[in-house]
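This is coords_9.cif (mmCIF, C-alpha atoms and all ligand atoms).
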```cif
data_start
loop_
_atom_site.group_PDB
_atom_site.id
_atom_site.type_symbol
_atom_site.label_atom_id
_atom_site.label_comp_id
_atom_site.auth_asym_id
_atom_site.auth_seq_id
_atom_site.Cartn_x
_atom_site.Cartn_y
_atom_site.Cartn_z
ATOM 1 C CA MET A 250 87.051 157.399 148.651
ATOM 2 C CA ASP A 251 90.085 159.264 147.275
ATOM 3 C CA SER A 252 90.644 156.435 144.806
ATOM 4 C CA ASN A 253 87.267 157.290 143.234
ATOM 5 C CA SER A 254 88.092 160.935 142.517
ATOM 6 C CA ALA A 255 89.081 161.636 138.933
ATOM 7 C CA ASP A 256 92.728 162.368 138.234
ATOM 8 C CA PRO A 257 92.829 165.004 135.474
ATOM 9 C CA ASP A 258 96.488 164.238 134.788
ATOM 10 C CA SER A 259 96.048 160.502 134.284
ATOM 11 C CA PRO A 260 97.629 159.590 130.906
ATOM 12 C CA ALA A 261 94.698 157.331 130.064
ATOM 13 C CA VAL A 262 92.234 160.181 130.625
ATOM 14 C CA SER A 263 94.347 162.711 128.682
ATOM 15 C CA LYS A 264 94.554 160.317 125.746
ATOM 16 C CA LEU A 265 90.795 159.763 125.788
ATOM 17 C CA GLN A 266 90.107 163.490 126.056
ATOM 18 C CA LEU A 267 92.160 164.110 122.920
ATOM 19 C CA ARG A 268 90.214 161.480 121.008
ATOM 20 C CA ILE A 269 86.809 162.540 122.388
ATOM 21 C CA GLY A 270 87.577 166.152 121.460
ATOM 22 C CA LYS A 271 87.761 165.103 117.801
ATOM 23 C CA LEU A 272 84.331 163.433 117.814
ATOM 24 C CA SER A 273 81.264 165.119 116.348
ATOM 25 C CA LEU A 274 78.883 166.894 118.715
ATOM 26 C CA PRO A 275 76.203 164.153 118.354
ATOM 27 C CA ASP A 276 78.825 161.520 119.184
ATOM 28 C CA GLN A 277 80.013 163.558 122.168
ATOM 29 C CA ARG A 278 76.414 163.906 123.386
ATOM 30 C CA SER A 279 75.853 160.195 122.933
ATOM 31 C CA LEU A 280 79.051 159.437 124.860
ATOM 32 C CA HIS A 281 78.073 161.885 127.606
ATOM 33 C CA HIS A 282 74.699 160.156 128.001
ATOM 34 C CA TRP A 283 76.336 156.715 128.072
ATOM 35 C CA LEU A 284 78.870 157.814 130.696
ATOM 36 C CA GLY A 285 76.107 159.295 132.853
ATOM 37 C CA GLU A 286 74.200 156.011 132.731
ATOM 38 C CA LEU A 287 77.348 154.043 133.546
ATOM 39 C CA ILE A 288 78.174 156.195 136.584
ATOM 40 C CA ALA A 289 74.546 156.055 137.777
ATOM 41 C CA SER A 290 74.618 152.271 137.454
ATOM 42 C CA HIS A 291 77.752 152.080 139.628
ATOM 43 C CA ALA A 292 76.107 154.348 142.204
ATOM 44 C CA ALA A 293 72.984 152.172 142.266
ATOM 45 C CA THR A 294 74.970 148.957 142.611
ATOM 46 C CA ALA A 295 77.097 150.384 145.436
ATOM 47 C CA ALA A 296 74.047 151.769 147.259
ATOM 48 C CA LEU A 297 72.134 148.485 146.984
ATOM 49 C CA ALA A 298 75.152 146.541 148.243
ATOM 50 C CA ALA A 299 75.363 148.818 151.285
ATOM 51 C CA ILE A 300 71.778 148.491 152.551
ATOM 52 C CA THR A 301 71.777 148.419 156.342
ATOM 53 C CA PRO A 302 68.878 147.041 158.376
ATOM 54 C CA ARG A 303 66.497 149.695 159.643
ATOM 55 C CA THR A 304 65.943 150.174 163.380
ATOM 56 C CA GLY A 305 64.091 147.213 164.864
ATOM 57 C CA ARG A 306 64.651 145.068 161.771
ATOM 58 C CA GLU A 307 66.473 141.790 161.492
ATOM 59 C CA VAL A 308 67.350 140.501 158.042
ATOM 60 C CA VAL A 309 66.880 136.727 157.788
ATOM 61 C CA ALA A 310 67.300 136.266 154.023
ATOM 62 C CA GLN A 311 68.401 138.279 151.023
ATOM 63 C CA ARG A 312 67.970 137.857 147.256
ATOM 64 C CA ARG A 313 69.957 140.140 145.006
ATOM 65 C CA LEU A 314 68.894 140.678 141.432
ATOM 66 C CA GLU A 315 70.535 143.033 138.980
ATOM 67 C CA ARG A 316 69.058 146.331 140.187
ATOM 68 C CA VAL A 317 66.814 145.171 143.028
ATOM 69 C CA THR A 318 67.461 143.599 146.413
ATOM 70 C CA TYR A 319 64.778 141.580 148.215
ATOM 71 C CA GLN A 320 65.132 141.163 151.963
ATOM 72 C CA LEU A 321 63.161 138.982 154.353
ATOM 73 C CA GLU A 322 62.923 140.937 157.588
ATOM 74 C CA LEU A 323 61.659 140.413 161.121
ATOM 75 C CA VAL A 324 60.055 143.627 162.337
ATOM 76 C CA ARG A 325 59.758 145.181 165.788
ATOM 77 C CA CYS A 326 57.131 147.845 165.111
ATOM 78 C CA GLY A 327 58.178 150.196 167.902
ATOM 79 C CA LYS A 328 54.748 150.486 169.538
ATOM 80 C CA PRO A 329 55.468 150.305 173.290
ATOM 81 C CA ASN A 330 52.381 148.181 174.101
ATOM 82 C CA CYS A 331 52.890 145.654 171.287
ATOM 83 C CA ARG A 332 53.911 142.107 172.216
ATOM 84 C CA CYS A 333 56.959 142.512 169.971
ATOM 85 C CA ALA A 334 58.344 145.064 172.437
ATOM 86 C CA ILE A 335 58.691 142.324 175.089
ATOM 87 C CA VAL A 336 62.186 140.850 175.285
ATOM 88 C CA GLY A 337 62.120 137.235 174.156
ATOM 89 C CA GLU A 338 58.880 137.642 172.171
ATOM 90 C CA ARG A 339 58.927 137.010 168.459
ATOM 91 C CA PRO A 340 58.912 140.078 166.195
ATOM 92 C CA HIS A 341 56.351 140.526 163.373
ATOM 93 C CA GLY A 342 56.853 138.738 160.091
ATOM 94 C CA PRO A 343 59.093 137.839 158.553
ATOM 95 C CA TYR A 344 58.043 139.946 155.547
ATOM 96 C CA TRP A 345 59.756 140.518 152.229
ATOM 97 C CA TYR A 346 60.786 144.069 151.337
ATOM 98 C CA LEU A 347 62.088 145.247 148.003
ATOM 99 C CA TYR A 348 64.933 147.764 147.819
ATOM 100 C CA ARG A 349 65.607 149.620 144.583
ATOM 101 C CA TRP A 350 67.504 152.644 143.344
ATOM 102 C CA ASN A 351 65.135 155.447 142.275
ATOM 103 C CA GLY A 352 67.855 157.438 140.544
ATOM 104 C CA GLN A 353 68.851 159.349 143.657
ATOM 105 C CA LYS A 354 68.558 157.025 146.614
ATOM 106 C CA VAL A 355 67.573 153.538 147.696
ATOM 107 C CA VAL A 356 63.846 153.258 148.386
ATOM 108 C CA SER A 357 62.006 150.310 149.926
ATOM 109 C CA GLU A 358 58.631 148.759 149.191
ATOM 110 C CA TYR A 359 56.639 146.231 151.179
ATOM 111 C CA VAL A 360 56.285 142.983 149.217
ATOM 112 C CA GLY A 361 54.538 140.589 151.602
ATOM 113 C CA LYS A 362 55.010 137.215 153.254
ATOM 114 C CA VAL A 363 55.698 135.441 149.979
ATOM 115 C CA LEU A 364 58.442 136.263 147.518
ATOM 116 C CA PRO A 365 57.153 136.854 143.953
ATOM 117 C CA ALA A 366 57.456 133.751 141.764
ATOM 118 C CA VAL A 367 59.716 135.540 139.282
ATOM 119 C CA VAL A 368 62.332 136.049 142.007
ATOM 120 C CA ARG A 369 62.076 132.483 143.289
ATOM 121 C CA ASP A 370 62.383 131.122 139.741
ATOM 122 C CA ASP A 371 65.469 133.260 139.212
ATOM 123 C CA GLN A 372 67.083 131.715 142.285
ATOM 124 C CA LEU A 373 66.268 128.184 141.174
ATOM 125 C CA GLY A 374 67.732 128.904 137.754
ATOM 126 C CA GLY A 375 71.018 130.085 139.285
HETATM 127 ZN ZN ZN B 401 54.871 145.146 167.234
#
```
How does this structure look as structure tokens?
Amino acid sequence: MDSNSADPDSPAVSKLQLRIGKLSLPDQRSLHHWLGELIASHAATAALAAITPRTGREVVAQRRLERVTYQLELVRCGKPNCRCAIVGERPHGPYWYLYRWNGQKVVSEYVGKVLPAVVRDDQLGG
């Protein structure tokens, strides 16, 4: 993670700081906004790439789009009397779940047994 921390003495950064310092305030604000969006985008991409299966879940398929990850998951619900709690019994599902960055963290949404057509079409196109 040390490689991600900014180095204030980097020649490239010093050079940019000199040039940015000469920009107008509106340009500096515009640049600030752009940089914030860029950093947030990196954070979202990294977080979505690092999704780990939740307890009792088994990921059987994954579809990654630009800012959204779809996962097909087998689910053990955790209820002690459910058939899925028996070793050797099949879990629930599989069901598709959507994972997206909400600006602060990755959140998940239940999609259903069938992947939306727009996602399937995207896969066929690639
Ligand atoms: Zn169950």
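With distances restricted to all atoms listed in the file, A:Gln320 is the closest residue to Tyr359 of chain A from A:Gly327, A:Val309, A:Gln320, A:Glu338.
Here atom CA of Ser290 of chain A is placed at a distance of 19.8 Å from atom CA of Gln277 of chain A.
Shortest atom-to-atom contact with Ala293 of chain A among A:Glu307, A:Asp276, A:Asp258, A:Glu315: A:Glu315, counting only C-alpha atoms.
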Please write out the residues within 7 Å of ligand ZN 401 (chain B) as a short mmCIF file (atom, residue, chain, number, x, y, z; two decimals) with C-alpha atoms, in the coordinates of the input, counting only C-alpha atoms and all ligand atoms.
```cif
data_model
loop_
_atom_site.label_atom_id
_atom_site.label_comp_id
_atom_site.auth_asym_id
_atom_site.auth_seq_id
_atom_site.Cartn_x
_atom_site.Cartn_y
_atom_site.Cartn_z
CA ARG A 325 59.76 145.18 165.79
CA CYS A 326 57.13 147.84 165.11
CA GLY A 327 58.18 150.20 167.90
CA LYS A 328 54.75 150.49 169.54
CA CYS A 331 52.89 145.65 171.29
CA ARG A 332 53.91 142.11 172.22
CA CYS A 333 56.96 142.51 169.97
CA ALA A 334 58.34 145.06 172.44
CA PRO A 340 58.91 140.08 166.20
CA HIS A 341 56.35 140.53 163.37
#
```
>> Give me the residues near Leu347 of chain A as a PyMOL selection string, where near means some atom within 6 Å (using all atoms listed in the file) and where sequence neighbours in that chain fewer than 5 positions away do not count.
In response: chain A and resi 318-319+357-358
> Distance atom CA of Val363 of chain A-atom CA of Leu314 of chain A, one decimal place?
Replying inline: 16.6 Å
>> I'd like the neighbourhood of Trp345 of chain A as a ChimeraX atom specification, where a residue qualifies if any of its atoms comes within 10 Å (using only C-alpha atoms), though same-chain residues fewer than 3 positions away should be ignored.
In response: /A:308-312,319-323,342,348,358-365
>> So the first atom is atom CA of Val317 of chain A and the second is atom CA of His281 of chain A; what is the distance between them in Å, to one decimal place?
In response: 25.4 Å
Edge lengths and centre in Å to one decimal, as AutoDock Vina command-line options, is what I'm after for the box along x, y and z that holds all listed atoms of segment 314-327 of chain A once 4 Å is added on each side.
```
--center_x 63.8 --center_y 144.6 --center_z 153.4 --size_x 21.4 --size_y 19.2 --size_z 36.9
```
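Shortest separation to Lys354 of chain A among A:Ile335, A:Pro329, A:Gly270, A:Ala295 occurs at residue A:Ala295, atoms counted being all atoms listed in the file.
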> Which is closer to Val356 of chain A than all the others in A:Asn330, A:Tyr344, A:Gly337, A:Ala296, using all atoms listed in the file?
Replying inline: A:Ala296
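Closest approach to Ala299 of chain A from the set A:His282, A:Arg339, A:Arg268, A:Arg313 is made by A:Arg313, with distances taken over all atoms listed in the file.
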Please reconstruct the missing atoms of segment 347-372 of chain A (target: N, CA and C atoms) and return them as a compact mmCIF listing (two decimals), in the frame of the given file.
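Dumped to part-v7.txt:
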```
# COMPACT_ATOMS: atom_id res chain seq x y z
N LEU A 347 61.31 145.04 149.22
CA LEU A 347 62.09 145.25 148.00
C LEU A 347 62.85 146.56 148.16
N TYR A 348 64.12 146.55 147.82
CA TYR A 348 64.93 147.76 147.82
C TYR A 348 65.41 148.03 146.41
N ARG A 349 65.17 149.27 145.94
CA ARG A 349 65.61 149.62 144.58
C ARG A 349 66.13 151.05 144.56
N TRP A 350 66.93 151.32 143.55
CA TRP A 350 67.50 152.64 143.34
C TRP A 350 66.53 153.46 142.52
N ASN A 351 66.12 154.63 143.01
CA ASN A 351 65.14 155.45 142.28
C ASN A 351 65.80 156.54 141.43
N GLY A 352 67.11 156.44 141.31
CA GLY A 352 67.86 157.44 140.54
C GLY A 352 68.62 158.39 141.44
N GLN A 353 68.19 158.46 142.71
CA GLN A 353 68.85 159.35 143.66
C GLN A 353 69.19 158.67 144.97
N LYS A 354 68.33 157.71 145.35
CA LYS A 354 68.56 157.02 146.61
C LYS A 354 67.88 155.66 146.58
N VAL A 355 68.22 154.84 147.57
CA VAL A 355 67.57 153.54 147.70
C VAL A 355 66.22 153.73 148.38
N VAL A 356 65.17 153.20 147.78
CA VAL A 356 63.85 153.26 148.39
C VAL A 356 63.36 151.83 148.61
N SER A 357 62.49 151.65 149.62
CA SER A 357 62.01 150.31 149.93
C SER A 357 60.51 150.22 149.69
N GLU A 358 60.06 149.02 149.38
CA GLU A 358 58.63 148.76 149.19
C GLU A 358 58.29 147.46 149.91
N TYR A 359 57.11 147.45 150.54
CA TYR A 359 56.64 146.23 151.18
C TYR A 359 56.20 145.24 150.10
N VAL A 360 56.65 144.01 150.20
CA VAL A 360 56.28 142.98 149.22
C VAL A 360 55.23 142.05 149.79
N GLY A 361 55.49 141.49 150.97
CA GLY A 361 54.54 140.59 151.60
C GLY A 361 55.23 139.37 152.19
N LYS A 362 54.44 138.40 152.61
CA LYS A 362 55.01 137.22 153.25
C LYS A 362 55.66 136.27 152.26
N VAL A 363 55.20 136.37 151.00
CA VAL A 363 55.70 135.44 149.98
C VAL A 363 56.49 136.21 148.93
N LEU A 364 57.62 135.67 148.56
CA LEU A 364 58.44 136.26 147.52
C LEU A 364 57.79 136.03 146.16
N PRO A 365 57.76 137.06 145.28
CA PRO A 365 57.15 136.85 143.95
C PRO A 365 57.81 135.68 143.21
N ALA A 366 56.99 134.96 142.46
CA ALA A 366 57.46 133.75 141.76
C ALA A 366 58.65 134.05 140.86
N VAL A 367 58.64 135.22 140.22
CA VAL A 367 59.72 135.54 139.28
C VAL A 367 61.07 135.57 139.99
N VAL A 368 61.08 136.00 141.25
CA VAL A 368 62.33 136.05 142.01
C VAL A 368 62.75 134.64 142.43
N ARG A 369 61.77 133.85 142.88
CA ARG A 369 62.08 132.48 143.29
C ARG A 369 62.61 131.67 142.11
N ASP A 370 61.96 131.84 140.93
CA ASP A 370 62.38 131.12 139.74
C ASP A 370 63.81 131.49 139.37
N ASP A 371 64.13 132.79 139.53
CA ASP A 371 65.47 133.26 139.21
C ASP A 371 66.51 132.56 140.09
N GLN A 372 66.15 132.37 141.36
CA GLN A 372 67.08 131.72 142.28
C GLN A 372 67.28 130.25 141.92
```
